[in-house]
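Visitor: Sharing coords.tsv (TSV, C-alpha atoms) below.
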chain	number	residue	atom	x	y	z
A	60	MET	CA	0.00	0.00	0.00
A	61	GLN	CA	2.90	2.33	0.81
A	62	ASN	CA	4.40	1.52	-2.59
A	63	ASN	CA	1.13	2.57	-4.23
A	64	LYS	CA	1.24	5.90	-2.37
A	65	ARG	CA	4.82	6.49	-3.47
A	66	MET	CA	3.94	5.62	-7.05
A	67	GLY	CA	0.96	7.98	-6.86
A	68	LYS	CA	3.16	10.84	-5.61
A	69	LEU	CA	5.73	10.09	-8.31
A	70	THR	CA	3.13	10.21	-11.09
A	71	ASP	CA	1.70	13.47	-9.71
A	72	LEU	CA	5.23	14.89	-9.63
A	73	LEU	CA	5.65	14.00	-13.31
A	74	ILE	CA	2.30	15.63	-14.08
A	75	PHE	CA	3.49	18.82	-12.36
A	76	LEU	CA	6.83	18.95	-14.24
A	77	PRO	CA	5.56	21.52	-16.81
A	78	ILE	CA	4.58	23.83	-13.93
A	79	PHE	CA	7.96	23.47	-12.22
A	80	TRP	CA	9.72	24.07	-15.55
A	81	THR	CA	7.59	27.13	-16.30
A	82	PHE	CA	8.64	28.63	-12.97
A	83	THR	CA	12.33	27.82	-13.50
A	84	GLY	CA	14.00	26.43	-16.62
A	85	LEU	CA	11.75	28.14	-19.14
A	86	PHE	CA	13.87	31.28	-18.74
A	87	HIS	CA	17.29	29.68	-18.52
A	88	PHE	CA	17.40	28.72	-22.19
A	89	HIS	CA	16.46	30.38	-25.45
A	90	ASN	CA	14.58	27.21	-26.41
A	91	GLY	CA	13.09	26.54	-22.99
A	92	ASP	CA	9.61	26.38	-24.54
A	93	LYS	CA	10.70	23.46	-26.75
A	94	ILE	CA	11.64	21.48	-23.65
A	95	LEU	CA	8.29	22.49	-22.17
A	96	VAL	CA	6.57	20.86	-25.17
A	97	ILE	CA	8.09	17.49	-24.24
A	98	LEU	CA	7.25	17.87	-20.55
A	99	THR	CA	3.68	18.93	-21.41
A	100	LEU	CA	3.07	15.89	-23.62
A	101	LEU	CA	4.53	13.61	-20.93
A	102	SER	CA	2.32	15.26	-18.30
A	103	ALA	CA	-0.78	14.87	-20.48
A	104	LEU	CA	-0.06	11.19	-21.13
A	105	ILE	CA	0.44	10.38	-17.45
A	106	SER	CA	-2.65	12.39	-16.50
A	107	VAL	CA	-4.78	10.34	-18.90
A	108	ILE	CA	-3.30	7.06	-17.63
A	109	LYS	CA	-3.86	7.89	-13.97
A	110	TYR	CA	-7.01	10.03	-13.99
A	111	LYS	CA	-8.58	8.74	-17.21
A	112	SER	CA	-10.91	11.42	-18.61
A	113	SER	CA	-11.85	13.07	-15.29
A	114	ALA	CA	-9.38	15.98	-15.62
A	115	ILE	CA	-10.38	16.57	-19.25
A	116	VAL	CA	-14.10	16.54	-18.45
A	117	ASN	CA	-13.63	19.04	-15.61
A	118	ASN	CA	-11.35	21.34	-17.58
A	119	ILE	CA	-13.36	21.59	-20.79
A	120	LYS	CA	-16.29	22.93	-18.79
A	121	SER	CA	-14.27	26.10	-18.29
A	122	LYS	CA	-14.95	28.98	-20.68
A	123	TYR	CA	-11.33	29.98	-20.22
A	124	ILE	CA	-9.99	26.87	-21.96
A	125	TRP	CA	-12.20	27.68	-24.95
A	126	LEU	CA	-10.74	31.17	-24.99
A	127	MET	CA	-7.30	29.55	-25.26
A	128	TYR	CA	-8.43	27.32	-28.12
A	129	SER	CA	-9.93	30.36	-29.85
A	130	LEU	CA	-6.57	32.12	-29.60
A	131	LEU	CA	-4.88	29.04	-31.04
A	132	PHE	CA	-7.30	28.98	-33.98
A	133	ILE	CA	-6.83	32.71	-34.64
A	134	SER	CA	-3.05	32.36	-34.41
A	135	ILE	CA	-2.92	29.43	-36.86
A	136	THR	CA	-5.31	31.17	-39.27
A	137	ALA	CA	-3.23	34.37	-39.22
A	138	ASP	CA	-0.08	32.35	-39.88
A	139	ILE	CA	-1.63	30.54	-42.84
A	140	LEU	CA	-2.89	33.80	-44.34
A	141	ASN	CA	0.48	35.52	-43.72
A	142	ILE	CA	-1.20	38.15	-41.52
A	143	TYR	CA	0.80	39.75	-38.72
A	144	ASN	CA	0.46	37.39	-35.76
A	145	PRO	CA	1.54	38.63	-32.31
A	146	ILE	CA	0.73	35.30	-30.62
A	147	ASN	CA	3.38	32.58	-30.58
A	148	ILE	CA	1.69	29.39	-31.86
A	149	ARG	CA	3.87	27.05	-29.81
A	150	ALA	CA	3.14	28.99	-26.61
A	151	ILE	CA	-0.64	28.96	-27.04
A	152	ALA	CA	-0.60	25.28	-28.12
A	153	ILE	CA	1.31	24.36	-24.94
A	154	LEU	CA	-1.26	26.20	-22.84
A	155	CYS	CA	-4.18	24.47	-24.56
A	156	VAL	CA	-2.73	21.02	-23.87
A	157	LEU	CA	-1.70	21.86	-20.31
A	158	LEU	CA	-5.01	23.39	-19.31
A	159	THR	CA	-6.92	20.52	-20.91
A	160	PHE	CA	-5.13	17.67	-19.13
A	161	LEU	CA	-3.84	19.27	-15.91
A	162	PRO	CA	-5.77	18.19	-12.77
A	163	CYS	CA	-5.76	21.67	-11.23
A	164	GLN	CA	-7.45	20.51	-8.01
A	165	LEU	CA	-4.19	18.73	-7.10
A	166	ILE	CA	-2.22	21.99	-7.06
A	167	THR	CA	-2.09	22.53	-3.31
A	168	ARG	CA	-0.48	25.28	-1.22
A	169	LYS	CA	2.61	23.07	-0.97
A	170	ILE	CA	2.87	22.76	-4.75
A	171	LEU	CA	2.43	26.51	-5.20
A	172	THR	CA	4.90	27.30	-2.41
A	173	PHE	CA	7.47	24.87	-3.75
A	174	SER	CA	7.06	26.16	-7.32
A	175	CYS	CA	7.51	29.76	-6.17
A	176	LEU	CA	10.48	28.86	-3.97
A	177	ILE	CA	12.46	27.07	-6.68
A	178	GLY	CA	11.43	29.76	-9.15
A	179	CYS	CA	12.74	32.62	-6.99
A	180	VAL	CA	15.95	30.82	-6.01
A	181	ASN	CA	16.54	30.01	-9.66
A	182	ALA	CA	15.81	33.64	-10.62
A	183	LEU	CA	18.35	34.97	-8.11
A	184	PHE	CA	20.97	32.52	-9.34
A	185	PHE	CA	20.19	33.44	-12.95
A	186	VAL	CA	20.44	37.20	-12.51
A	187	TYR	CA	23.43	37.00	-10.13
A	188	HIS	CA	25.33	34.80	-12.60
A	189	PHE	CA	24.87	37.16	-15.56
A	190	THR	CA	25.44	40.30	-13.47
A	191	TYR	CA	28.41	39.40	-11.24
A	192	ILE	CA	29.91	35.95	-12.00
A	193	ASN	CA	29.87	36.08	-15.80
A	194	PRO	CA	28.86	39.68	-16.58
A	195	VAL	CA	26.84	39.97	-19.79
A	196	ASP	CA	24.91	42.96	-21.07
A	197	ARG	CA	21.34	42.31	-19.98
A	198	ARG	CA	20.15	42.63	-23.58
A	199	PHE	CA	22.02	39.40	-24.37
A	200	TRP	CA	20.74	37.20	-21.55
A	201	PRO	CA	18.80	34.07	-22.58
A	202	ILE	CA	15.79	36.31	-21.97
A	203	ASN	CA	15.95	40.10	-21.85
A	204	ALA	CA	16.11	41.46	-18.30
A	205	ILE	CA	12.86	43.43	-18.64
A	206	PRO	CA	10.48	40.50	-19.36
A	207	PHE	CA	12.53	38.39	-16.94
A	208	ALA	CA	11.84	40.91	-14.16
A	209	THR	CA	8.13	40.84	-15.09
A	210	TYR	CA	8.21	37.06	-14.72
A	211	ILE	CA	9.61	37.44	-11.20
A	212	CYS	CA	6.83	39.94	-10.44
A	213	PHE	CA	4.19	37.34	-11.27
A	214	ILE	CA	5.75	34.87	-8.85
A	215	SER	CA	6.23	37.57	-6.20
A	216	THR	CA	2.51	38.40	-6.15
A	217	ILE	CA	1.59	34.73	-5.67
A	218	VAL	CA	4.17	34.43	-2.88
A	219	PHE	CA	2.84	37.55	-1.18
A	220	ILE	CA	-0.75	36.31	-1.24
A	221	LEU	CA	0.35	32.92	0.12
A	222	LEU	CA	2.30	34.73	2.85
A	223	LEU	CA	-0.67	36.87	3.91
A	224	THR	CA	-2.87	33.78	4.18
A	225	SER	CA	-0.31	31.53	5.85
A	226	ASN	CA	-1.20	29.92	9.20
A	227	THR	CA	2.07	28.21	10.17
A	228	MET	CA	5.35	29.81	11.24
A	229	LYS	CA	7.39	27.43	9.06
A	230	GLU	CA	5.47	28.41	5.96
A	231	LYS	CA	5.66	32.11	6.83
A	232	VAL	CA	9.45	31.93	7.16
A	233	ILE	CA	9.83	30.08	3.85
A	234	LEU	CA	7.52	32.48	2.02
A	235	SER	CA	9.13	35.57	3.59
A	236	LEU	CA	12.58	34.45	2.43
A	237	THR	CA	11.15	33.61	-0.99
A	238	LEU	CA	9.61	37.08	-1.28
A	239	VAL	CA	12.85	38.81	-0.26
A	240	THR	CA	14.75	36.66	-2.78
A	241	SER	CA	12.37	37.65	-5.57
A	242	ILE	CA	12.56	41.38	-4.77
A	243	MET	CA	16.37	41.28	-4.64
A	244	SER	CA	16.36	39.54	-8.04
A	245	ILE	CA	14.24	42.32	-9.51
A	246	ALA	CA	16.51	44.95	-7.94
A	247	ILE	CA	19.60	43.36	-9.52
A	248	THR	CA	17.99	43.47	-12.98
A	249	GLU	CA	17.70	47.27	-12.49
A	250	THR	CA	14.36	47.19	-14.31
A	251	ARG	CA	12.36	50.27	-13.42
A	252	GLY	CA	9.16	49.17	-15.14
A	253	ALA	CA	8.98	45.92	-13.14
A	254	LEU	CA	9.30	47.71	-9.81
A	255	PHE	CA	6.73	50.25	-10.98
A	256	ALA	CA	4.33	47.35	-11.63
A	257	LEU	CA	5.13	45.27	-8.55
A	258	LEU	CA	5.15	47.74	-5.66
A	259	PRO	CA	1.66	49.26	-6.21
A	260	THR	CA	0.26	45.75	-6.70
A	261	LEU	CA	1.77	44.41	-3.47
A	262	ILE	CA	0.70	47.50	-1.53
A	263	SER	CA	-2.87	47.18	-2.86
A	264	ILE	CA	-3.01	43.49	-1.90
A	265	TYR	CA	-1.67	44.28	1.57
A	266	PHE	CA	-4.15	47.05	2.31
A	267	TYR	CA	-7.02	44.97	0.92
A	268	TYR	CA	-6.26	42.21	3.43
A	269	ALA	CA	-5.70	44.78	6.17
A	270	TYR	CA	-9.11	46.27	5.43
A	271	LYS	CA	-10.80	42.85	5.33
A	272	ARG	CA	-9.21	41.83	8.63
A	273	LYS	CA	-9.84	45.24	10.20
A	274	PHE	CA	-6.30	46.19	11.17
A	275	LEU	CA	-5.79	49.00	8.67
A	276	LYS	CA	-4.24	51.54	11.10
A	277	LYS	CA	-1.71	49.02	12.35
A	278	SER	CA	-0.95	48.08	8.75
A	279	LEU	CA	0.03	51.65	7.88
A	280	ILE	CA	2.82	51.56	10.46
A	281	ASN	CA	3.93	48.05	9.51
A	282	SER	CA	3.96	48.86	5.80
A	283	LEU	CA	6.06	51.97	6.33
A	284	ILE	CA	8.59	49.94	8.32
A	285	CYS	CA	8.68	47.16	5.70
A	286	ILE	CA	9.04	49.57	2.77
A	287	THR	CA	11.85	51.40	4.58
A	288	LEU	CA	13.72	48.16	5.30
A	289	ILE	CA	13.28	46.82	1.77
A	290	PHE	CA	14.39	50.12	0.22
A	291	ALA	CA	17.41	50.28	2.56
A	292	ALA	CA	18.43	46.73	1.57
A	293	ALA	CA	17.91	47.30	-2.15
A	294	TYR	CA	19.31	50.84	-2.37
A	295	PRO	CA	22.99	49.84	-2.79
A	296	ILE	CA	21.96	47.71	-5.78
A	297	ILE	CA	19.64	50.24	-7.45
A	298	LYS	CA	21.56	53.38	-6.46
A	299	GLU	CA	23.24	53.79	-9.87
A	300	ARG	CA	19.90	53.25	-11.62
A	301	ILE	CA	18.27	55.97	-9.52
A	302	ILE	CA	21.11	58.40	-10.30
A	303	GLN	CA	20.91	57.49	-14.01
A	304	THR	CA	17.14	58.11	-14.01
A	305	GLN	CA	17.62	61.54	-12.40
A	306	GLN	CA	20.28	62.43	-14.99
A	307	GLU	CA	18.06	61.32	-17.88
A	308	ILE	CA	15.13	63.38	-16.61
A	309	THR	CA	17.44	66.42	-16.35
A	310	LYS	CA	18.60	65.89	-19.96
A	311	ILE	CA	15.00	65.59	-21.18
A	312	ASP	CA	14.15	68.86	-19.40
A	313	ASP	CA	17.06	70.43	-21.29
A	314	GLY	CA	15.68	69.15	-24.61
A	315	ASN	CA	17.95	66.11	-25.04
A	316	THR	CA	15.76	63.04	-25.60
A	317	ASN	CA	18.56	60.77	-26.85
A	318	THR	CA	18.49	58.77	-23.60
A	319	SER	CA	16.84	55.53	-22.51
A	320	ILE	CA	13.74	57.29	-21.20
A	321	GLY	CA	13.88	59.91	-23.95
A	322	LEU	CA	13.90	57.30	-26.71
A	323	ARG	CA	10.87	55.62	-25.16
A	324	LEU	CA	9.04	58.95	-25.23
A	325	ASN	CA	9.95	59.25	-28.92
A	326	PHE	CA	8.67	55.73	-29.62
A	327	TRP	CA	5.37	56.54	-27.90
A	328	LYS	CA	5.05	59.79	-29.86
A	329	ALA	CA	5.76	57.91	-33.09
A	330	GLY	CA	3.23	55.26	-32.13
A	331	PHE	CA	0.44	57.78	-31.57
A	332	ASN	CA	1.20	59.38	-34.94
A	333	LEU	CA	1.12	56.04	-36.74
A	334	ILE	CA	-2.16	55.09	-35.05
A	335	GLU	CA	-3.71	58.34	-36.34
A	336	GLN	CA	-2.48	57.56	-39.87
A	337	SER	CA	-3.77	53.96	-39.92
A	338	PRO	CA	-6.21	53.50	-37.03
A	339	PHE	CA	-8.00	50.32	-38.11
A	340	VAL	CA	-5.67	48.16	-40.22
A	341	GLY	CA	-2.28	48.79	-38.62
A	342	TYR	CA	1.18	48.36	-40.10
A	343	GLY	CA	2.20	44.89	-38.91
A	344	ASP	CA	6.00	44.87	-38.91
A	345	ASP	CA	6.21	47.28	-41.84
A	346	TYR	CA	6.59	50.55	-39.96
A	347	TYR	CA	10.33	51.33	-40.08
A	348	SER	CA	10.04	53.55	-43.16
A	349	GLN	CA	7.32	55.50	-41.37
A	350	LEU	CA	9.71	56.17	-38.48
A	351	ASN	CA	12.23	57.73	-40.88
A	352	LYS	CA	9.44	59.86	-42.32
A	353	LEU	CA	8.47	61.06	-38.84
A	354	ALA	CA	12.13	61.84	-38.10
A	355	LYS	CA	12.38	63.99	-41.26
A	356	GLU	CA	9.24	65.81	-40.18
A	357	LYS	CA	10.90	66.46	-36.77
A	358	VAL	CA	8.15	64.58	-34.95
A	359	ILE	CA	10.78	62.30	-33.39
A	360	ILE	CA	14.56	62.47	-33.26
A	361	GLN	CA	16.60	60.64	-35.92
A	362	ALA	CA	18.24	58.45	-33.27
A	363	ALA	CA	14.83	56.94	-32.48
A	364	ALA	CA	14.25	56.07	-36.15
A	365	ASN	CA	17.78	54.69	-36.53
A	366	TYR	CA	17.20	52.45	-33.49
A	367	LYS	CA	14.60	50.49	-35.49
A	368	PRO	CA	12.72	49.31	-32.40
A	369	PRO	CA	11.12	45.83	-32.65
A	370	HIS	CA	8.27	47.29	-30.59
A	371	PHE	CA	7.13	50.64	-29.19
A	372	HIS	CA	7.94	49.95	-25.51
A	373	ASN	CA	4.27	50.08	-24.65
A	374	GLN	CA	1.99	47.06	-24.96
A	375	PHE	CA	-1.10	49.03	-25.92
A	376	ILE	CA	0.54	51.46	-28.37
A	377	ASP	CA	2.45	48.60	-29.98
A	378	ILE	CA	-0.61	46.44	-30.69
A	379	ALA	CA	-2.58	49.46	-31.95
A	380	VAL	CA	0.23	50.36	-34.39
A	381	LYS	CA	0.68	46.81	-35.66
A	382	CYS	CA	-2.91	45.52	-35.57
A	383	GLY	CA	-5.00	48.68	-35.45
A	384	LEU	CA	-7.57	49.68	-32.84
A	385	PHE	CA	-9.39	46.37	-33.41
A	386	GLY	CA	-6.22	44.61	-32.25
A	387	LEU	CA	-6.07	46.87	-29.20
A	388	ALA	CA	-9.71	46.12	-28.39
A	389	PHE	CA	-9.02	42.39	-28.72
A	390	LEU	CA	-6.04	42.70	-26.36
A	391	LEU	CA	-8.14	44.51	-23.75
A	392	VAL	CA	-10.89	41.89	-24.00
A	393	MET	CA	-8.33	39.11	-23.57
A	394	LEU	CA	-6.75	40.93	-20.63
A	395	PHE	CA	-9.97	41.52	-18.69
A	396	THR	CA	-12.04	38.45	-19.67
A	397	PRO	CA	-10.71	36.41	-16.69
A	398	ILE	CA	-12.31	38.96	-14.34
A	399	MET	CA	-15.70	38.30	-15.91
A	400	LEU	CA	-15.21	34.56	-15.50
A	401	ILE	CA	-14.61	34.79	-11.74
A	402	ARG	CA	-17.65	33.74	-9.76
A	403	ASN	CA	-16.61	34.89	-6.29
A	404	LYS	CA	-15.15	38.36	-6.92
A	405	SER	CA	-13.56	38.59	-3.46
A	406	SER	CA	-12.09	35.07	-3.22
A	407	LEU	CA	-8.38	34.47	-2.85
A	408	ASN	CA	-8.31	33.06	-6.37
A	409	ALA	CA	-9.88	36.29	-7.58
A	410	ILE	CA	-7.30	38.43	-5.76
A	411	SER	CA	-4.52	36.38	-7.37
A	412	ILE	CA	-6.03	36.93	-10.82
A	413	TYR	CA	-6.51	40.67	-10.24
A	414	SER	CA	-2.87	40.90	-9.15
A	415	LEU	CA	-1.53	39.07	-12.20
A	416	ILE	CA	-3.59	41.30	-14.50
A	417	SER	CA	-2.31	44.37	-12.65
A	418	ILE	CA	1.31	43.30	-13.15
A	419	LEU	CA	0.78	42.63	-16.86
A	420	ALA	CA	-1.15	45.86	-17.49
A	421	VAL	CA	1.21	48.19	-15.59
A	422	SER	CA	4.40	46.60	-16.92
A	423	GLY	CA	2.80	46.91	-20.36
A	424	LEU	CA	3.07	50.69	-20.07
A	425	THR	CA	6.84	50.48	-20.66
A	426	ASP	CA	7.30	47.08	-22.35
A	427	VAL	CA	5.40	44.44	-24.35
A	428	PRO	CA	5.25	41.54	-21.84
A	429	PHE	CA	2.28	39.91	-23.55
A	430	PHE	CA	4.33	39.13	-26.65
A	431	HIS	CA	7.26	37.46	-24.89
A	432	LYS	CA	6.42	33.76	-25.17
A	433	GLN	CA	7.76	32.98	-21.67
A	434	ILE	CA	5.63	35.70	-20.08
A	435	PHE	CA	2.65	34.64	-22.17
A	436	ILE	CA	2.95	31.06	-20.90
A	437	ILE	CA	3.41	31.75	-17.19
A	438	TYR	CA	0.70	34.43	-17.15
A	439	PHE	CA	-2.05	32.46	-18.87
A	440	LEU	CA	-1.09	29.24	-17.10
A	441	CYS	CA	-1.43	30.87	-13.66
A	442	ILE	CA	-4.72	32.54	-14.65
A	443	GLY	CA	-6.03	29.18	-15.86
A	444	ILE	CA	-5.01	27.39	-12.67
A	445	PHE	CA	-6.68	29.95	-10.40
A	446	LEU	CA	-9.84	30.06	-12.52
A	447	ASN	CA	-10.13	26.27	-12.51
A	448	ARG	CA	-9.76	26.16	-8.76
A	449	GLU	CA	-12.82	28.20	-7.81
A	450	LYS	CA	-13.22	26.27	-4.56
A	451	PHE	CA	-9.51	26.24	-3.76
A	452	GLU	CA	-8.43	28.38	-0.82
A	453	LEU	CA	-4.78	29.45	-0.85
Any chance you could put this one into structure tokens?
Guide:
Amino acid sequence: MQNNKRMGKLTDLLIFLPIFWTFTGLFHFHNGDKILVILTLLSALISVIKYKSSAIVNNIKSKYIWLMYSLLFISITADILNIYNPINIRAIAILCVLLTFLPCQLITRKILTFSCLIGCVNALFFVYHFTYINPVDRRFWPINAIPFATYICFISTIVFILLLTSNTMKEKVILSLTLVTSIMSIAITETRGALFALLPTLISIYFYYAYKRKFLKKSLINSLICITLIFAAAYPIIKERIIQTQQEITKIDDGNTNTSIGLRLNFWKAGFNLIEQSPFVGYGDDYYSQLNKLAKEKVIIQAAANYKPPHFHNQFIDIAVKCGLFGLAFLLVMLFTPIMLIRNKSSLNAISIYSLISILAVSGLTDVPFFHKQIFIIYFLCIGIFLNREKFEL
């Protein structure tokens, strides 16, 4: 009988491998999603062998899984017709298979805690290696530092919610260390947009729970202490970034926009101009000549046109330029549909989903997280898990 229990745990572990990989190895390699394909197929096979059709029957009742299949159909159709396709086919196909065969009710607090723990430890090792041990410009990491920091933000929000709802000292210690590890990882990446997305989200979650538990006044004092301690610990790491930001703002005030922030402002200005010129159809990837035209007209600086940005450093401007306002509307529908699918709007699952959407939306103001296949996978996978676990309490 004990052997049967061990075998059962082993098979469940194999089923969970795609989740563990999504939280860790997916970002260590350029082709991490290809490895995820193998793990997903293995997980699906074992799930069918052990649970027969029960997981499939439960999962296909979810409207969310049909949203994923709709995205897969649209993505394949766009690819066949040679229409600009912002959705990675492999990423959405992985999600469809995972969310169809994954027995989400088996994902316990322990599984979530363990996934977040190994994810954050791995993230710290990853960023420390490429920053201090084998220094490499963050643009040339296996994944760019900006979407990588957004990935850590997703995990951090889950960790924080688990921490606020923890009932044992052991779990609180583990989750506290995991949260500190994740924040230090983000600090080392020196990604301003990620911190801008994470901090308001965590503060909102904290005050929501403080309000629900009726210790709001006490929370104000505690939060001030925590923020001070975290800032004091992270300041030596982000000091240069803060100084650089102040210098860039000073240059912009003096009329020099050929800086990191200044170029982003030029990209946004170019994006708004291109949206006005082609509001419904969009340009797809064929917009570089338009940037040169805008530079000649002195709408943007020539350095911004010469940069030939692969995107406009804003999720919403970028999709509107490339796919028109219909594409932007589709993105917004896809972003906020999970909220409409939540039955209990104040449940812990709901708070987790709100937080993930907040991270994606705010980070999308300075980057295009939705179109990084790794971010796409971890975001929609986590949303799917929380939606399918309506009765699950973190």
Visitor: Could you check how far CA of Ala256 in chain A sits from CA of Leu221 in chain A, in Å to one decimal?
Guide: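 Taking CA of Ala256 in chain A and CA of Leu221 in chain A, their separation equals 19.0 Å.
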Visitor: From the list A:His372, A:Arg65, A:Arg272, A:His188, which residue is nearest Ile320 in chain A when using only C-alpha atoms?
Guide: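 For Ile320 in chain A, the nearest of the given residues is A:His372.
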Visitor: One decimal, in Å: what's the spacing between CA of Val96 in chain A and CA of Leu157 in chain A?
Guide: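 Value for the CA of Val96 in chain A-CA of Leu157 in chain A distance: 9.6 Å.
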Visitor: Please determine, counting only C-alpha atoms, which residue among A:Val156, A:Ile133, A:Ile146, A:Ala388 has the shortest atom-to-atom distance to Ser102 in chain A.
Guide: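 Of the candidates, the smallest distance to Ser102 in chain A is held by A:Val156.
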Visitor: Could you tell me which of A:Ile247, A:Val186, A:Ile214, A:Ile97 comes closest to Pro201 in chain A if we count all atoms listed in the file?
Guide: A:Val186
Visitor: Could you give me, as an MDAnalysis selection string, the residues that sit within 6 Å of (13.3, 62.7, -28.1) in the file's coordinates, counting only C-alpha atoms?
Guide: chainID A and resid 316:317 321:322 325 359:360
Visitor: Taking only C-alpha atoms into account, name the residue in A:Leu126, A:Leu171, A:Leu234, A:Leu391 that is nearest to Leu158 in chain A.
Guide: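 Of A:Leu126, A:Leu171, A:Leu234, A:Leu391, the one nearest Leu158 in chain A, counting only C-alpha atoms, is A:Leu126.
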Visitor: Determine the nearest neighbour of Ser417 in chain A from the options A:His89, A:Phe132, A:Ile264, A:Arg198, counting all atoms listed in the file.
Guide: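 Once distances to Ser417 in chain A are computed over all atoms listed in the file, the minimum belongs to A:Ile264.
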Visitor: Considering all atoms listed in the file, can you say which of A:Leu100, A:Val180, A:Ile108, A:Ile139 comes closest to Pro77 in chain A?
Guide: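 The shortest atom-to-atom distance to Pro77 in chain A comes from A:Leu100.
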Visitor: Box for range 372-377 of chain A - axis-aligned, 5 Å on each of the six sides, all listed atoms - centre and size in Å to one decimal, as AutoDock Vina command-line options.
Guide:
--center_x 3.4 --center_y 49.3 --center_z -27.3 --size_x 19.0 --size_y 14.4 --size_z 15.3
Visitor: What is the CA of Leu154 in chain A-CA of Asn373 in chain A distance in Å, reported with one decimal?
Guide: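 Those two atoms sit 24.6 Å apart.
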Visitor: Would you list the contacts of Phe375 in chain A as a ChimeraX atom specification, taking every protein, DNA or RNA residue within 8 Å and counting only C-alpha atoms, but skipping same-chain residues closer than 6 positions in sequence?
Guide: /A:387,423-424
Visitor: Which polymer residues have any atom within 12 Å of an atom of Leu72 in chain A, counting only C-alpha atoms, with same-chain residues fewer than 3 positions away left out, as number ranges by chain?
Guide: A: 65-69, 75-80, 98, 101-102, 105-106, 161-162, 165-166, 170, 173-174
Visitor: Write the residues you've just listed into a file as a PDB file, keeping the file's coordinate frame, and include C-alpha atoms for each of them.
Guide:
ATOM      1  CA  ARG A  65       4.820   6.490  -3.470  1.00  0.00           C
ATOM      2  CA  MET A  66       3.940   5.620  -7.050  1.00  0.00           C
ATOM      3  CA  GLY A  67       0.960   7.980  -6.860  1.00  0.00           C
ATOM      4  CA  LYS A  68       3.160  10.840  -5.610  1.00  0.00           C
ATOM      5  CA  LEU A  69       5.730  10.090  -8.310  1.00  0.00           C
ATOM      6  CA  PHE A  75       3.490  18.820 -12.360  1.00  0.00           C
ATOM      7  CA  LEU A  76       6.830  18.950 -14.240  1.00  0.00           C
ATOM      8  CA  PRO A  77       5.560  21.520 -16.810  1.00  0.00           C
ATOM      9  CA  ILE A  78       4.580  23.830 -13.930  1.00  0.00           C
ATOM     10  CA  PHE A  79       7.960  23.470 -12.220  1.00  0.00           C
ATOM     11  CA  TRP A  80       9.720  24.070 -15.550  1.00  0.00           C
ATOM     12  CA  LEU A  98       7.250  17.870 -20.550  1.00  0.00           C
ATOM     13  CA  LEU A 101       4.530  13.610 -20.930  1.00  0.00           C
ATOM     14  CA  SER A 102       2.320  15.260 -18.300  1.00  0.00           C
ATOM     15  CA  ILE A 105       0.440  10.380 -17.450  1.00  0.00           C
ATOM     16  CA  SER A 106      -2.650  12.390 -16.500  1.00  0.00           C
ATOM     17  CA  LEU A 161      -3.840  19.270 -15.910  1.00  0.00           C
ATOM     18  CA  PRO A 162      -5.770  18.190 -12.770  1.00  0.00           C
ATOM     19  CA  LEU A 165      -4.190  18.730  -7.100  1.00  0.00           C
ATOM     20  CA  ILE A 166      -2.220  21.990  -7.060  1.00  0.00           C
ATOM     21  CA  ILE A 170       2.870  22.760  -4.750  1.00  0.00           C
ATOM     22  CA  PHE A 173       7.470  24.870  -3.750  1.00  0.00           C
ATOM     23  CA  SER A 174       7.060  26.160  -7.320  1.00  0.00           C
TER      24      SER A 174
END
Visitor: Excluding Lys381 in chain A and its own-chain neighbours fewer than 2 positions away, which residues fall within 7 Å of it when counting only C-alpha atoms? Please give them as a PyMOL selection string.
Guide: chain A and resi 341-344+377-379+383
Visitor: Would you export the selected residues with C-alpha atoms as a short mmCIF file (atom, residue, chain, number, x, y, z; two decimals), in the frame of the given file, please?
Guide:
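Wrote it out as out17.cif, contents follow:
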data_model
loop_
_atom_site.label_atom_id
_atom_site.label_comp_id
_atom_site.auth_asym_id
_atom_site.auth_seq_id
_atom_site.Cartn_x
_atom_site.Cartn_y
_atom_site.Cartn_z
CA GLY A 341 -2.28 48.79 -38.62
CA TYR A 342 1.18 48.36 -40.10
CA GLY A 343 2.20 44.89 -38.91
CA ASP A 344 6.00 44.87 -38.91
CA ASP A 377 2.45 48.60 -29.98
CA ILE A 378 -0.61 46.44 -30.69
CA ALA A 379 -2.58 49.46 -31.95
CA GLY A 383 -5.00 48.68 -35.45
#
